[in-house]
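Source file query00.cif; content: mmCIF, C-alpha atoms.
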```cif
data_final
loop_
_atom_site.label_atom_id
_atom_site.label_comp_id
_atom_site.auth_asym_id
_atom_site.auth_seq_id
_atom_site.Cartn_x
_atom_site.Cartn_y
_atom_site.Cartn_z
CA VAL W 1 115.07 -12.31 38.77
CA ALA W 2 114.72 -9.84 41.63
CA LEU W 3 111.24 -9.77 43.15
CA LEU W 4 109.62 -6.50 44.10
CA ASN W 5 109.23 -6.17 47.87
CA PRO W 6 107.68 -2.78 48.77
CA PRO W 7 107.38 -1.52 52.37
CA ARG W 8 104.47 -2.54 54.54
CA THR W 9 101.52 -0.20 55.07
CA SER W 10 98.08 -0.38 56.64
CA ARG W 11 94.74 -0.62 54.84
CA GLY W 12 91.67 1.53 55.20
CA SER W 13 90.25 1.80 58.69
CA SER W 14 91.36 -1.57 60.06
CA PRO W 15 92.28 -1.31 63.74
CA PRO W 16 95.95 -1.67 64.74
CA GLY W 17 97.01 -5.25 65.24
CA SER W 18 93.95 -6.69 63.50
CA THR W 19 94.42 -9.77 61.33
CA ARG W 20 92.39 -11.68 58.78
CA SER W 21 91.21 -15.19 59.30
CA PRO W 22 93.34 -17.87 57.59
CA GLY W 23 92.02 -19.43 54.38
CA PRO W 24 92.58 -22.78 52.70
CA LEU W 25 95.73 -21.51 51.00
CA ALA W 26 97.48 -21.17 54.33
CA SER W 27 100.67 -22.89 53.18
CA ALA W 28 101.47 -20.37 50.45
CA SER W 29 103.99 -17.55 50.82
CA ARG W 30 102.95 -13.94 50.42
CA ARG W 31 104.86 -10.89 49.24
CA THR W 32 102.43 -8.20 48.14
CA THR W 33 101.96 -4.43 48.08
CA GLU W 34 99.38 -2.11 49.56
CA GLY W 35 99.35 1.66 49.44
CA VAL W 36 102.58 1.69 47.44
CA HIS W 37 103.07 4.61 45.08
CA SER W 38 104.66 3.80 41.73
CA SER W 39 107.27 5.90 39.97
CA ARG W 40 104.39 7.46 38.04
CA GLY W 41 102.55 8.48 41.19
CA GLY W 42 99.89 5.76 41.08
CA PHE W 43 98.49 3.97 44.11
CA PHE W 44 98.49 0.17 44.14
CA ARG W 45 95.69 -1.61 45.95
CA HIS W 46 97.26 -4.91 46.95
CA ARG W 47 97.67 -5.83 50.56
CA THR W 48 101.13 -5.98 52.08
CA ARG W 49 102.68 -8.86 53.99
CA ALA W 50 106.31 -9.37 54.89
CA ALA W 51 108.22 -11.70 52.58
CA GLY W 52 108.24 -15.35 53.58
CA ARG W 53 105.65 -17.84 54.75
CA CYS W 54 102.51 -16.87 56.60
CA ALA W 55 98.85 -17.81 56.74
CA GLY W 56 96.81 -17.05 53.65
CA ALA W 57 94.45 -14.09 54.09
CA MET W 58 90.71 -14.12 53.57
CA GLU W 59 89.71 -11.36 51.16
CA VAL W 60 86.25 -9.97 51.94
CA GLU W 61 84.66 -7.52 49.51
CA VAL W 62 81.36 -5.83 48.87
CA LYS W 63 80.58 -6.41 45.17
CA LEU W 64 77.79 -4.49 43.42
CA ARG W 65 77.06 -4.86 39.69
CA LEU W 66 76.18 -1.57 37.99
CA LYS W 67 73.35 -1.72 35.46
CA GLY W 68 75.19 -0.05 32.59
CA GLY W 69 77.63 2.53 31.28
CA ASP W 70 75.58 5.51 32.45
CA ASP W 71 75.58 4.17 36.00
CA HIS W 72 79.32 3.57 35.77
CA ARG W 73 79.81 7.23 34.82
CA LYS W 74 77.50 8.37 37.65
CA ALA W 75 79.40 6.24 40.17
CA CYS W 76 82.74 7.69 39.04
CA ASP W 77 81.35 11.23 39.36
CA LEU W 78 79.85 10.42 42.76
CA PHE W 79 82.94 8.93 44.37
CA GLY W 80 85.28 11.32 42.59
CA ALA W 81 83.64 14.42 44.03
CA GLY W 82 85.99 16.50 46.16
CA GLY W 83 89.19 15.21 44.61
CA SER W 84 89.02 11.73 46.13
CA HIS W 85 90.18 9.92 42.97
CA LYS W 86 93.36 8.04 43.89
CA ALA W 87 94.34 6.09 40.79
CA LYS W 88 93.35 4.69 37.42
CA TYR W 89 94.64 1.27 36.36
CA HIS W 90 94.49 -0.39 33.01
CA GLN W 91 94.69 -4.02 34.08
CA GLU W 92 95.44 -7.06 31.95
CA ASN W 93 94.43 -10.33 33.62
CA GLN W 94 95.81 -13.68 32.42
CA PHE W 95 94.73 -17.01 33.93
CA PHE W 96 96.30 -20.46 34.13
CA ASP W 97 95.47 -24.01 35.17
CA GLY W 98 97.37 -27.23 35.62
CA SER W 99 97.58 -29.36 32.50
CA GLU W 100 95.36 -31.93 34.26
CA GLN W 101 93.03 -29.31 35.83
CA GLU W 102 94.78 -29.69 39.17
CA LEU W 103 93.82 -26.14 40.16
CA SER W 104 90.35 -25.68 38.68
CA SER W 105 89.24 -29.05 40.06
CA GLN W 106 89.91 -27.60 43.53
CA ARG W 107 88.30 -24.22 42.66
CA VAL W 108 91.69 -22.54 42.78
CA VAL W 109 92.35 -19.61 40.42
CA LEU W 110 95.87 -18.65 39.29
CA ARG W 111 96.15 -15.15 37.83
CA VAL W 112 98.94 -12.94 36.52
CA ARG W 113 97.86 -9.29 36.44
CA PHE W 114 99.65 -6.42 34.70
CA TYR W 115 99.07 -2.77 35.63
CA ASN W 116 99.29 0.05 33.09
CA GLY W 117 101.26 -2.01 30.60
CA ALA W 118 104.57 -2.96 32.21
CA GLU W 119 104.34 -0.70 35.28
CA LYS W 120 103.67 -3.55 37.70
CA CYS W 121 102.83 -7.26 37.77
CA VAL W 122 101.30 -9.38 40.54
CA VAL W 123 100.84 -13.16 40.70
CA THR W 124 97.72 -14.13 42.66
CA VAL W 125 96.28 -17.45 43.81
CA LYS W 126 92.66 -17.46 45.01
CA GLY W 127 90.83 -20.39 46.56
CA LYS W 128 87.14 -21.38 46.67
CA ALA W 129 85.41 -18.03 46.18
CA VAL W 130 81.95 -17.58 47.73
CA LEU W 131 79.70 -14.73 46.54
CA LYS W 132 76.35 -14.22 48.26
CA ASN W 133 74.09 -11.19 48.72
CA GLY W 134 76.70 -8.84 47.31
CA ILE W 135 79.54 -10.00 49.57
CA GLY W 136 82.43 -12.03 48.20
CA LYS W 137 84.91 -14.07 50.23
CA ALA W 138 87.98 -15.97 49.03
CA SER W 139 91.32 -17.00 50.45
CA GLU W 140 94.12 -15.20 48.62
CA VAL W 141 97.92 -15.07 48.43
CA GLU W 142 99.87 -12.71 46.18
CA GLU W 143 103.41 -11.88 45.14
CA ALA W 144 104.69 -8.97 43.09
CA VAL W 145 107.13 -9.97 40.34
CA ASP W 146 109.10 -8.20 37.65
CA PRO W 147 106.70 -7.44 34.77
CA ALA W 148 109.15 -8.97 32.28
CA LEU W 149 109.03 -12.22 34.24
CA GLY W 150 105.24 -12.10 34.32
CA ARG W 151 105.13 -11.60 30.55
CA SER W 152 107.37 -14.61 30.07
CA PHE W 153 104.83 -16.70 32.02
CA VAL W 154 102.09 -15.64 29.60
CA GLU W 155 104.22 -16.50 26.58
CA ASN W 156 105.35 -19.84 28.06
CA PRO W 157 103.36 -21.02 31.12
CA GLN W 158 105.81 -23.86 31.75
CA LEU W 159 108.34 -21.28 32.94
CA MET W 160 106.27 -20.91 36.11
CA LEU W 161 107.36 -24.39 37.15
CA GLU W 162 111.00 -23.35 36.91
CA SER W 163 110.68 -19.98 38.66
CA ASP W 164 111.63 -19.11 42.23
CA VAL W 165 108.38 -17.20 42.87
CA GLY W 166 107.34 -18.42 46.31
CA VAL W 167 103.57 -18.37 45.82
CA LEU W 168 103.93 -20.48 42.67
CA LYS W 169 106.30 -23.01 44.21
CA ASP W 170 104.06 -23.48 47.23
CA THR W 171 100.85 -23.72 45.16
CA PHE W 172 102.26 -26.19 42.64
CA GLY W 173 103.62 -28.34 45.45
CA LYS W 174 100.36 -28.26 47.41
CA PHE W 175 98.20 -29.27 44.44
CA GLY W 176 100.67 -31.52 42.61
CA VAL W 177 100.89 -29.41 39.45
CA LYS W 178 103.32 -30.93 36.93
CA GLY W 179 102.36 -28.95 33.82
CA LEU W 180 100.60 -25.67 33.05
CA LYS W 181 98.37 -24.18 30.37
CA GLY W 182 97.17 -20.66 29.67
CA LEU W 183 93.43 -19.98 29.70
CA GLY W 184 93.53 -16.48 28.22
CA GLY W 185 92.09 -13.49 29.99
CA PHE W 186 90.37 -10.12 29.90
CA LYS W 187 91.04 -6.44 30.52
CA ASN W 188 89.71 -4.19 33.23
CA VAL W 189 89.82 -0.43 33.75
CA ARG W 190 89.75 0.33 37.47
CA ASP W 191 89.23 3.72 39.09
CA VAL W 192 90.09 3.85 42.79
CA TYR W 193 88.46 6.38 45.11
CA SER W 194 88.91 7.20 48.80
CA TRP W 195 85.57 6.86 50.61
CA LYS W 196 85.05 6.78 54.37
CA GLY W 197 88.61 5.62 54.93
CA LEU W 198 88.31 2.75 52.43
CA ASP W 199 89.14 2.21 48.78
CA VAL W 200 86.12 2.02 46.48
CA GLU W 201 87.02 0.50 43.12
CA VAL W 202 84.80 1.20 40.12
CA ASP W 203 85.49 -1.30 37.33
CA GLU W 204 84.80 -1.48 33.61
CA THR W 205 85.54 -5.09 32.67
CA LYS W 206 85.99 -5.80 28.97
CA TYR W 207 85.50 -9.31 27.61
CA ASP W 208 85.60 -10.29 23.94
CA TRP W 209 81.81 -10.76 24.13
CA GLY W 210 80.85 -7.61 26.02
CA THR W 211 81.43 -5.27 28.97
CA VAL W 212 80.23 -5.29 32.58
CA PHE W 213 80.52 -2.63 35.28
CA GLU W 214 81.04 -3.23 38.99
CA ILE W 215 81.87 -1.60 42.31
CA GLU W 216 84.14 -3.40 44.78
CA CYS W 217 85.11 -2.38 48.29
CA GLU W 218 87.29 -4.51 50.55
CA THR W 219 86.41 -4.22 54.23
CA ASP W 220 86.38 -6.03 57.56
CA GLU W 221 82.76 -4.90 58.05
CA PRO W 222 81.03 -5.99 54.83
CA GLU W 223 77.42 -5.80 56.01
CA ARG W 224 77.74 -2.27 57.35
CA ILE W 225 79.71 -1.00 54.36
CA LYS W 226 77.29 -2.64 51.94
CA ASP W 227 74.39 -0.79 53.60
CA ASP W 228 76.30 2.50 53.41
CA LEU W 229 77.21 1.96 49.77
CA GLU W 230 73.65 1.08 48.83
CA ALA W 231 72.28 4.16 50.57
CA THR W 232 74.82 6.37 48.79
CA LEU W 233 74.07 4.90 45.36
CA LYS W 234 70.30 5.08 45.82
CA GLN W 235 70.48 8.70 46.91
CA GLU W 236 72.30 9.61 43.69
CA GLY W 237 70.14 7.47 41.41
CA VAL W 238 72.85 4.94 40.50
CA ALA W 239 71.20 1.68 39.40
CA TYR W 240 72.84 -1.51 40.70
CA GLU W 241 72.25 -5.07 41.86
CA TYR W 242 74.23 -7.56 43.92
CA SER W 243 76.97 -9.24 41.92
CA LYS W 244 76.07 -12.89 41.35
CA VAL W 245 79.29 -14.21 39.82
CA THR W 246 82.94 -13.22 39.86
CA LYS W 247 84.76 -11.67 36.92
CA PHE W 248 86.61 -14.95 36.44
CA GLN W 249 83.36 -16.94 36.30
CA ASN W 250 82.04 -14.60 33.62
CA PHE W 251 85.26 -15.19 31.69
CA ILE W 252 85.18 -18.97 31.95
CA ASN W 253 81.44 -19.22 31.17
CA LYS W 254 81.51 -16.49 28.50
CA THR W 255 78.64 -14.67 30.22
CA LEU W 256 77.88 -11.08 31.28
CA GLU W 257 76.02 -11.78 34.52
#
```

Would you mind writing the file's structure down as structure tokens?
Amino acid sequence: VALLNPPRTSRGSSPPGSTRSPGPLASASRRTTEGVHSSRGGFFRHRTRAAGRCAGAMEVEVKLRLKGGDDHRKACDLFGAGGSHKAKYHQENQFFDGSEQELSSQRVVLRVRFYNGAEKCVVTVKGKAVLKNGIGKASEVEEAVDPALGRSFVENPQLMLESDVGVLKDTFGKFGVKGLKGLGGFKNVRDVYSWKGLDVEVDETKYDWGTVFEIECETDEPERIKDDLEATLKQEGVAYEYSKVTKFQNFINKTLE
């Protein structure tokens, strides 16, 4: 199956030649997309790296939990002012673990994410996420795959072991995964806005047991951007708090924290 390999682009306001610090998934390969427009005109968020092996990147994000649906609407109106809305994604997130918990025992998360049905699919491996004072950090490697291939993984997780997807082969080898099981998943509606040279993502995450709302913004200057975001939200009366857990933790624990 041919893997999608879009051209490389830059992200936000990062200075030329800047790099992220390597994370614990440094042995995994990475073939991802950032700033790539789909055939439908959408804008995909994922960071780009050339195909092949390279150090895993450390994803750093400001993560603010909105108090409710009214604040979600206010945030969308706030960041969407002036035509800065870039994209809307209906995401389906499916998660997997080794049959003997080889991944979860090491705090590694394996996700297959679909965008707008079958428009795009990305396989992601995250390691040992830390979330404190509204700033989340986790090592991350990604690879875009054909959506039909991604759907086959959901229907039969064992097919991942037989695939030639580099990030899967490297991860399974690193952690000794011999079998796989599906954990289920959740859906997320993400609106992406351009704000001060960065992408602000306003999420409506839908679990079987309820809905939570969140703002995320990936940046190399999390403390400064967090202060700017907080000032902007307070000025417009948008109620929020620092996110305390990740979306995945809410899913696994069946909570709405």

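With only C-alpha atoms as the atoms that count, the minimum distance from W:Glu143 to the choices W:Phe213, W:Lys187, W:Arg111, W:Asn116 is reached by W:Arg111.
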
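Atom to atom, atom CA of W:Ser139 and atom CA of W:Leu180 stand 21.5 Å apart.
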
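Across the model, the gap from atom CA of W:Lys63 to atom CA of W:Lys120 is 24.4 Å.
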
Give me the residues of stretch 72-122 of chain W that have any atom at most 12 Å from an atom of stretch 244-257 of chain W; for each, the nearest atom pair and the distance in Å, rounded to one decimal. Use only C-alpha atoms, sort by chain and number, and format it as JSON lines.
```
{"residue": "W:Asn93", "atom": "CA", "partner": "W:Phe248", "partner_atom": "CA", "distance": 9.5}
{"residue": "W:Gln94", "atom": "CA", "partner": "W:Phe248", "partner_atom": "CA", "distance": 10.1}
{"residue": "W:Phe95", "atom": "CA", "partner": "W:Phe248", "partner_atom": "CA", "distance": 8.7}
{"residue": "W:Phe96", "atom": "CA", "partner": "W:Phe248", "partner_atom": "CA", "distance": 11.4}
{"residue": "W:Asp97", "atom": "CA", "partner": "W:Ile252", "partner_atom": "CA", "distance": 11.9}
{"residue": "W:Ser104", "atom": "CA", "partner": "W:Ile252", "partner_atom": "CA", "distance": 10.8}
{"residue": "W:Arg107", "atom": "CA", "partner": "W:Gln249", "partner_atom": "CA", "distance": 10.9}
{"residue": "W:Val108", "atom": "CA", "partner": "W:Phe248", "partner_atom": "CA", "distance": 11.1}
{"residue": "W:Val109", "atom": "CA", "partner": "W:Phe248", "partner_atom": "CA", "distance": 8.4}
{"residue": "W:Leu110", "atom": "CA", "partner": "W:Phe248", "partner_atom": "CA", "distance": 10.4}
{"residue": "W:Arg111", "atom": "CA", "partner": "W:Phe248", "partner_atom": "CA", "distance": 9.6}
```

Contacts of W:Arg73 at 12 Å or less, counting only C-alpha atoms, minus same-chain residues fewer than 5 places along, as a short mmCIF file (atom, residue, chain, number, x, y, z; two decimals) with C-alpha atoms, in the coordinates of the input?
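Output contents, as saved in selection-v3.cif:
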```cif
data_model
loop_
_atom_site.label_atom_id
_atom_site.label_comp_id
_atom_site.auth_asym_id
_atom_site.auth_seq_id
_atom_site.Cartn_x
_atom_site.Cartn_y
_atom_site.Cartn_z
CA LEU W 66 76.18 -1.57 37.99
CA LYS W 67 73.35 -1.72 35.46
CA GLY W 68 75.19 -0.05 32.59
CA LEU W 78 79.85 10.42 42.76
CA PHE W 79 82.94 8.93 44.37
CA GLY W 80 85.28 11.32 42.59
CA ASP W 191 89.23 3.72 39.09
CA VAL W 202 84.80 1.20 40.12
CA ASP W 203 85.49 -1.30 37.33
CA GLU W 204 84.80 -1.48 33.61
CA PHE W 213 80.52 -2.63 35.28
CA GLU W 214 81.04 -3.23 38.99
CA ILE W 215 81.87 -1.60 42.31
CA GLU W 236 72.30 9.61 43.69
CA GLY W 237 70.14 7.47 41.41
CA VAL W 238 72.85 4.94 40.50
CA ALA W 239 71.20 1.68 39.40
#
```

Shortest interatomic distance to W:Gly182 - which of W:Gly117, W:Pro222, W:Pro157, W:Gly197, counting all atoms listed in the file:
W:Pro157

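Between W:Tyr240 and the candidates W:Val212, W:Val122, W:Val145, W:Lys178, the tightest atom-to-atom separation, counting all atoms listed in the file, involves W:Val212.
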
Calculated over only C-alpha atoms, which of the candidates W:Asp227, W:Gly134, W:Val112, W:Phe186 has the smallest distance to W:Arg65?
W:Gly134

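Near W:Val189, within 8 Å and counting only C-alpha atoms, sit Lys88, Tyr89, His90, Gln91, Asp203, Glu204 and Thr205 of chain W, not including residues fewer than 5 positions from it in the same chain.
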
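Considering all atoms listed in the file, the residue among W:Gly136, W:Gly173, W:Gly210, W:Gly185 positioned nearest to W:Arg113 is W:Gly185.
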
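Of the residues listed (W:Leu168, W:Glu119, W:Glu92, W:Leu198), W:Leu198 shows the shortest atom-to-atom separation from W:Asp220; distances use all atoms listed in the file.
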